[in-house]
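Enquirer: There's a structure below that I have some questions on.
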Amino acid sequence: GSLEGWRVLWPCGEDASDALPQELSRRGAKVERLVLYRKRPRPADVTLLRGIWEDPFIAFCITSPAAGEWLLAGAPREAIGALQAIPGVVLGLSSRRFLEGRGFTDVRTCSPGTYAGAAAMLAQLAAGRASA
C-alpha cells in the first residue's frame with residue numbers, strides 16, 4: 001500500500017542494507033535514517049584460521065554478511081578451500097548471496113531463518129555425519 005505522507009524512523013547499523021528504506025521511499029514514505037551503531041570486527045585469529053584446515057569442521061554458519069566478511073578477510077587459501085568443501089549454513093538471502101558470490105556452492109538456508117533454525121540444521125548435518 002501507499003505510505004504517502006508517512007515519516008518513518010529507521011534506526012540501523014552503519015552497514016545496514018538500503019533495501020528497506022528504498023522500498024519505503026518507493027511507496028511514498030520519507031525515511032529518516034538514524035545510525036545507532038558501528039561494528040568493529042576483532043582482529044583475524046591466526047590460530048582459528050589455521051585450525052580450519054588442520055582440524056576440519058563438518059559445517060559452518062554465518063549469521064550475516066559482516067560475519068562472513070570477517071571470517072574470510074585475510075584467510076589463507078587453505079582455510080577458504082576447507083570451508084568451501086563443507087556446508088555453509090546461513091539465516092537468509094543476503095548471507096547466501098555473500099557466500100555464493102565468493103565461490104561457495106554448498107550453501108544451506110535454514111528454515112526458519114533464526115538462530116534456532118540454524119542450530120537445528122547444524123544438528124541435522126552433525127547427525128548425518130555421525131551415521132555416515
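Every chain in the C-alpha cells takes a letter, A first, then B, and so on in the order presented; its residues are numbered from 1, and the ligands are numbered from 1 following the presented order.
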Do you know which residues are at most 9 Å from segment 1-12 of chain A counting only C-alpha atoms, after dropping those on the same chain fewer than 2 positions away, and could you put them as JSON, numbers by chain?

Expert: {"A": [14, 15, 16, 21, 24, 25, 26, 27, 28, 29, 30, 31, 32, 33, 34, 35, 36, 37]}

Enquirer: Next, the residues of the selection above should be written as a PDB file, in the first residue's frame with N, CA, C and O atoms.

Expert:
ATOM      1  N   GLU A  14      25.503   1.059  10.870  1.00  0.00           N
ATOM      2  CA  GLU A  14      26.169   1.810   9.808  1.00  0.00           C
ATOM      3  C   GLU A  14      26.210   1.039   8.488  1.00  0.00           C
ATOM      4  O   GLU A  14      26.095   1.612   7.415  1.00  0.00           O
ATOM      5  N   ASP A  15      26.342  -0.283   8.557  1.00  0.00           N
ATOM      6  CA  ASP A  15      26.475  -1.088   7.346  1.00  0.00           C
ATOM      7  C   ASP A  15      25.164  -1.730   6.889  1.00  0.00           C
ATOM      8  O   ASP A  15      25.167  -2.635   6.058  1.00  0.00           O
ATOM      9  N   ALA A  16      24.028  -1.250   7.393  1.00  0.00           N
ATOM     10  CA  ALA A  16      22.734  -1.846   7.046  1.00  0.00           C
ATOM     11  C   ALA A  16      22.435  -1.698   5.554  1.00  0.00           C
ATOM     12  O   ALA A  16      22.770  -0.690   4.932  1.00  0.00           O
ATOM     13  N   PRO A  21      14.766   1.003   3.275  1.00  0.00           N
ATOM     14  CA  PRO A  21      14.407   2.402   3.045  1.00  0.00           C
ATOM     15  C   PRO A  21      14.083   2.706   1.584  1.00  0.00           C
ATOM     16  O   PRO A  21      13.236   3.555   1.300  1.00  0.00           O
ATOM     17  N   LEU A  24      10.466   1.598   1.169  1.00  0.00           N
ATOM     18  CA  LEU A  24       9.572   2.539   1.853  1.00  0.00           C
ATOM     19  C   LEU A  24       9.458   3.845   1.071  1.00  0.00           C
ATOM     20  O   LEU A  24       8.359   4.388   0.902  1.00  0.00           O
ATOM     21  N   SER A  25      10.581   4.338   0.564  1.00  0.00           N
ATOM     22  CA  SER A  25      10.581   5.565  -0.243  1.00  0.00           C
ATOM     23  C   SER A  25       9.793   5.367  -1.531  1.00  0.00           C
ATOM     24  O   SER A  25       9.039   6.249  -1.958  1.00  0.00           O
ATOM     25  N   ARG A  26       9.953   4.209  -2.138  1.00  0.00           N
ATOM     26  CA  ARG A  26       9.216   3.907  -3.368  1.00  0.00           C
ATOM     27  C   ARG A  26       7.703   3.970  -3.126  1.00  0.00           C
ATOM     28  O   ARG A  26       6.944   4.369  -3.994  1.00  0.00           O
ATOM     29  N   ARG A  27       7.296   3.635  -1.920  1.00  0.00           N
ATOM     30  CA  ARG A  27       5.874   3.660  -1.576  1.00  0.00           C
ATOM     31  C   ARG A  27       5.418   5.028  -1.064  1.00  0.00           C
ATOM     32  O   ARG A  27       4.284   5.178  -0.646  1.00  0.00           O
ATOM     33  N   GLY A  28       6.328   6.003  -1.069  1.00  0.00           N
ATOM     34  CA  GLY A  28       5.941   7.360  -0.723  1.00  0.00           C
ATOM     35  C   GLY A  28       6.371   7.861   0.635  1.00  0.00           C
ATOM     36  O   GLY A  28       6.130   9.018   0.970  1.00  0.00           O
ATOM     37  N   ALA A  29       6.997   7.048   1.440  1.00  0.00           N
ATOM     38  CA  ALA A  29       7.398   7.466   2.790  1.00  0.00           C
ATOM     39  C   ALA A  29       8.679   8.294   2.739  1.00  0.00           C
ATOM     40  O   ALA A  29       9.518   8.125   1.853  1.00  0.00           O
ATOM     41  N   LYS A  30       8.807   9.171   3.715  1.00  0.00           N
ATOM     42  CA  LYS A  30      10.063   9.891   3.914  1.00  0.00           C
ATOM     43  C   LYS A  30      10.790   9.155   5.038  1.00  0.00           C
ATOM     44  O   LYS A  30      10.299   9.082   6.160  1.00  0.00           O
ATOM     45  N   VAL A  31      11.950   8.593   4.720  1.00  0.00           N
ATOM     46  CA  VAL A  31      12.681   7.762   5.670  1.00  0.00           C
ATOM     47  C   VAL A  31      13.805   8.562   6.300  1.00  0.00           C
ATOM     48  O   VAL A  31      14.642   9.138   5.602  1.00  0.00           O
ATOM     49  N   GLU A  32      13.816   8.586   7.617  1.00  0.00           N
ATOM     50  CA  GLU A  32      14.876   9.238   8.389  1.00  0.00           C
ATOM     51  C   GLU A  32      15.788   8.140   8.940  1.00  0.00           C
ATOM     52  O   GLU A  32      15.397   7.392   9.825  1.00  0.00           O
ATOM     53  N   ARG A  33      16.980   8.031   8.386  1.00  0.00           N
ATOM     54  CA  ARG A  33      17.944   7.016   8.817  1.00  0.00           C
ATOM     55  C   ARG A  33      18.674   7.512  10.055  1.00  0.00           C
ATOM     56  O   ARG A  33      19.211   8.619  10.064  1.00  0.00           O
ATOM     57  N   LEU A  34      18.722   6.676  11.081  1.00  0.00           N
ATOM     58  CA  LEU A  34      19.416   7.006  12.316  1.00  0.00           C
ATOM     59  C   LEU A  34      20.405   5.883  12.620  1.00  0.00           C
ATOM     60  O   LEU A  34      20.018   4.785  13.024  1.00  0.00           O
ATOM     61  N   VAL A  35      21.688   6.147  12.370  1.00  0.00           N
ATOM     62  CA  VAL A  35      22.721   5.140  12.625  1.00  0.00           C
ATOM     63  C   VAL A  35      22.962   5.080  14.133  1.00  0.00           C
ATOM     64  O   VAL A  35      23.342   6.069  14.752  1.00  0.00           O
ATOM     65  N   LEU A  36      22.718   3.895  14.700  1.00  0.00           N
ATOM     66  CA  LEU A  36      22.860   3.707  16.138  1.00  0.00           C
ATOM     67  C   LEU A  36      24.170   3.044  16.545  1.00  0.00           C
ATOM     68  O   LEU A  36      24.609   3.198  17.671  1.00  0.00           O
ATOM     69  N   TYR A  37      24.742   2.293  15.632  1.00  0.00           N
ATOM     70  CA  TYR A  37      25.968   1.590  15.998  1.00  0.00           C
ATOM     71  C   TYR A  37      26.822   1.312  14.772  1.00  0.00           C
ATOM     72  O   TYR A  37      26.348   1.329  13.649  1.00  0.00           O
TER      73      TYR A  37
END

Enquirer: Determine, for each residue of segment 85-118 of chain A having at least one atom at most 7 Å from an atom of segment 60-80 of chain A, the closest pair of atoms and their separation in Å to one decimal, counting only C-alpha atoms; order by chain and ascending number, as a tab-separated table.

Expert:
residue	atom	partner	partner_atom	distance
A:Pro87	CA	A:Phe60	CA	6.6
A:Gly88	CA	A:Phe60	CA	5.1
A:Val89	CA	A:Cys61	CA	4.5
A:Val90	CA	A:Ile62	CA	5.5
A:Leu91	CA	A:Thr63	CA	5.8
A:Ser94	CA	A:Pro65	CA	6.6
A:Ser95	CA	A:Pro65	CA	4.9
A:Phe98	CA	A:Pro65	CA	5.9

Enquirer: Identify, with DSSP run on backbone atoms, the residues in chain A assigned to strand (DSSP E), and express the list as a PyMOL selection string.

Expert: chain A and resi 7-13+30-37+60-62+88-90+107-109

Enquirer: Those residues with N, CA and C atoms, as a PDB file, in the first residue's frame please?

Expert:
ATOM      1  N   ARG A   7       6.170   9.546   7.693  1.00  0.00           N
ATOM      2  CA  ARG A   7       7.566   9.781   8.049  1.00  0.00           C
ATOM      3  C   ARG A   7       7.988   8.590   8.895  1.00  0.00           C
ATOM      4  N   VAL A   8       9.029   7.867   8.451  1.00  0.00           N
ATOM      5  CA  VAL A   8       9.447   6.632   9.102  1.00  0.00           C
ATOM      6  C   VAL A   8      10.841   6.815   9.679  1.00  0.00           C
ATOM      7  N   LEU A   9      10.992   6.493  10.968  1.00  0.00           N
ATOM      8  CA  LEU A   9      12.303   6.493  11.605  1.00  0.00           C
ATOM      9  C   LEU A   9      12.901   5.109  11.435  1.00  0.00           C
ATOM     10  N   TRP A  10      14.118   5.050  10.884  1.00  0.00           N
ATOM     11  CA  TRP A  10      14.785   3.782  10.632  1.00  0.00           C
ATOM     12  C   TRP A  10      16.095   3.706  11.406  1.00  0.00           C
ATOM     13  N   PRO A  11      16.049   3.228  12.677  1.00  0.00           N
ATOM     14  CA  PRO A  11      17.291   3.028  13.427  1.00  0.00           C
ATOM     15  C   PRO A  11      18.008   1.818  12.857  1.00  0.00           C
ATOM     16  N   CYS A  12      19.327   1.941  12.641  1.00  0.00           N
ATOM     17  CA  CYS A  12      20.059   0.855  11.983  1.00  0.00           C
ATOM     18  C   CYS A  12      21.539   0.926  12.318  1.00  0.00           C
ATOM     19  N   GLY A  13      22.247  -0.090  11.855  1.00  0.00           N
ATOM     20  CA  GLY A  13      23.696  -0.110  11.934  1.00  0.00           C
ATOM     21  C   GLY A  13      24.277   0.619  10.732  1.00  0.00           C
ATOM     22  N   LYS A  30       8.807   9.171   3.715  1.00  0.00           N
ATOM     23  CA  LYS A  30      10.063   9.891   3.914  1.00  0.00           C
ATOM     24  C   LYS A  30      10.790   9.155   5.038  1.00  0.00           C
ATOM     25  N   VAL A  31      11.950   8.593   4.720  1.00  0.00           N
ATOM     26  CA  VAL A  31      12.681   7.762   5.670  1.00  0.00           C
ATOM     27  C   VAL A  31      13.805   8.562   6.300  1.00  0.00           C
ATOM     28  N   GLU A  32      13.816   8.586   7.617  1.00  0.00           N
ATOM     29  CA  GLU A  32      14.876   9.238   8.389  1.00  0.00           C
ATOM     30  C   GLU A  32      15.788   8.140   8.940  1.00  0.00           C
ATOM     31  N   ARG A  33      16.980   8.031   8.386  1.00  0.00           N
ATOM     32  CA  ARG A  33      17.944   7.016   8.817  1.00  0.00           C
ATOM     33  C   ARG A  33      18.674   7.512  10.055  1.00  0.00           C
ATOM     34  N   LEU A  34      18.722   6.676  11.081  1.00  0.00           N
ATOM     35  CA  LEU A  34      19.416   7.006  12.316  1.00  0.00           C
ATOM     36  C   LEU A  34      20.405   5.883  12.620  1.00  0.00           C
ATOM     37  N   VAL A  35      21.688   6.147  12.370  1.00  0.00           N
ATOM     38  CA  VAL A  35      22.721   5.140  12.625  1.00  0.00           C
ATOM     39  C   VAL A  35      22.962   5.080  14.133  1.00  0.00           C
ATOM     40  N   LEU A  36      22.718   3.895  14.700  1.00  0.00           N
ATOM     41  CA  LEU A  36      22.860   3.707  16.138  1.00  0.00           C
ATOM     42  C   LEU A  36      24.170   3.044  16.545  1.00  0.00           C
ATOM     43  N   TYR A  37      24.742   2.293  15.632  1.00  0.00           N
ATOM     44  CA  TYR A  37      25.968   1.590  15.998  1.00  0.00           C
ATOM     45  C   TYR A  37      26.822   1.312  14.772  1.00  0.00           C
ATOM     46  N   PHE A  60      29.804 -24.908   8.765  1.00  0.00           N
ATOM     47  CA  PHE A  60      29.988 -23.623   9.423  1.00  0.00           C
ATOM     48  C   PHE A  60      28.726 -22.798   9.204  1.00  0.00           C
ATOM     49  N   CYS A  61      28.555 -21.790  10.021  1.00  0.00           N
ATOM     50  CA  CYS A  61      27.357 -20.954   9.943  1.00  0.00           C
ATOM     51  C   CYS A  61      27.765 -19.497  10.070  1.00  0.00           C
ATOM     52  N   ILE A  62      27.276 -18.683   9.140  1.00  0.00           N
ATOM     53  CA  ILE A  62      27.432 -17.235   9.303  1.00  0.00           C
ATOM     54  C   ILE A  62      26.034 -16.645   9.473  1.00  0.00           C
ATOM     55  N   GLY A  88      27.860 -24.601   4.208  1.00  0.00           N
ATOM     56  CA  GLY A  88      27.757 -23.320   4.899  1.00  0.00           C
ATOM     57  C   GLY A  88      26.291 -23.066   5.195  1.00  0.00           C
ATOM     58  N   VAL A  89      25.950 -22.838   6.438  1.00  0.00           N
ATOM     59  CA  VAL A  89      24.569 -22.598   6.855  1.00  0.00           C
ATOM     60  C   VAL A  89      24.387 -21.096   7.050  1.00  0.00           C
ATOM     61  N   VAL A  90      23.301 -20.568   6.508  1.00  0.00           N
ATOM     62  CA  VAL A  90      23.016 -19.134   6.622  1.00  0.00           C
ATOM     63  C   VAL A  90      21.574 -18.940   7.079  1.00  0.00           C
ATOM     64  N   VAL A 107      25.619 -24.047   0.028  1.00  0.00           N
ATOM     65  CA  VAL A 107      25.087 -23.066   0.988  1.00  0.00           C
ATOM     66  C   VAL A 107      23.656 -23.456   1.301  1.00  0.00           C
ATOM     67  N   ARG A 108      23.343 -23.597   2.574  1.00  0.00           N
ATOM     68  CA  ARG A 108      22.017 -24.046   3.002  1.00  0.00           C
ATOM     69  C   ARG A 108      21.360 -22.977   3.864  1.00  0.00           C
ATOM     70  N   THR A 109      20.198 -22.541   3.433  1.00  0.00           N
ATOM     71  CA  THR A 109      19.445 -21.531   4.171  1.00  0.00           C
ATOM     72  C   THR A 109      18.518 -22.249   5.136  1.00  0.00           C
TER      73      THR A 109
END

Enquirer: Pick the closest to Ala59 of chain A from A:Pro41, A:Ile86, A:Phe104, A:Val46: which is it, counting only C-alpha atoms?

Expert: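 Looking at the shortest contact to Ala59 of chain A, the residue is A:Ile86.
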
Enquirer: Using DSSP secondary structure from the backbone, list all helix (DSSP H, G or I) positions within segment 1-128 of chain A, as an MDAnalysis selection string.

Expert: chainID A and resid 19:26 46:54 65:72 77:84 93:100 115:128
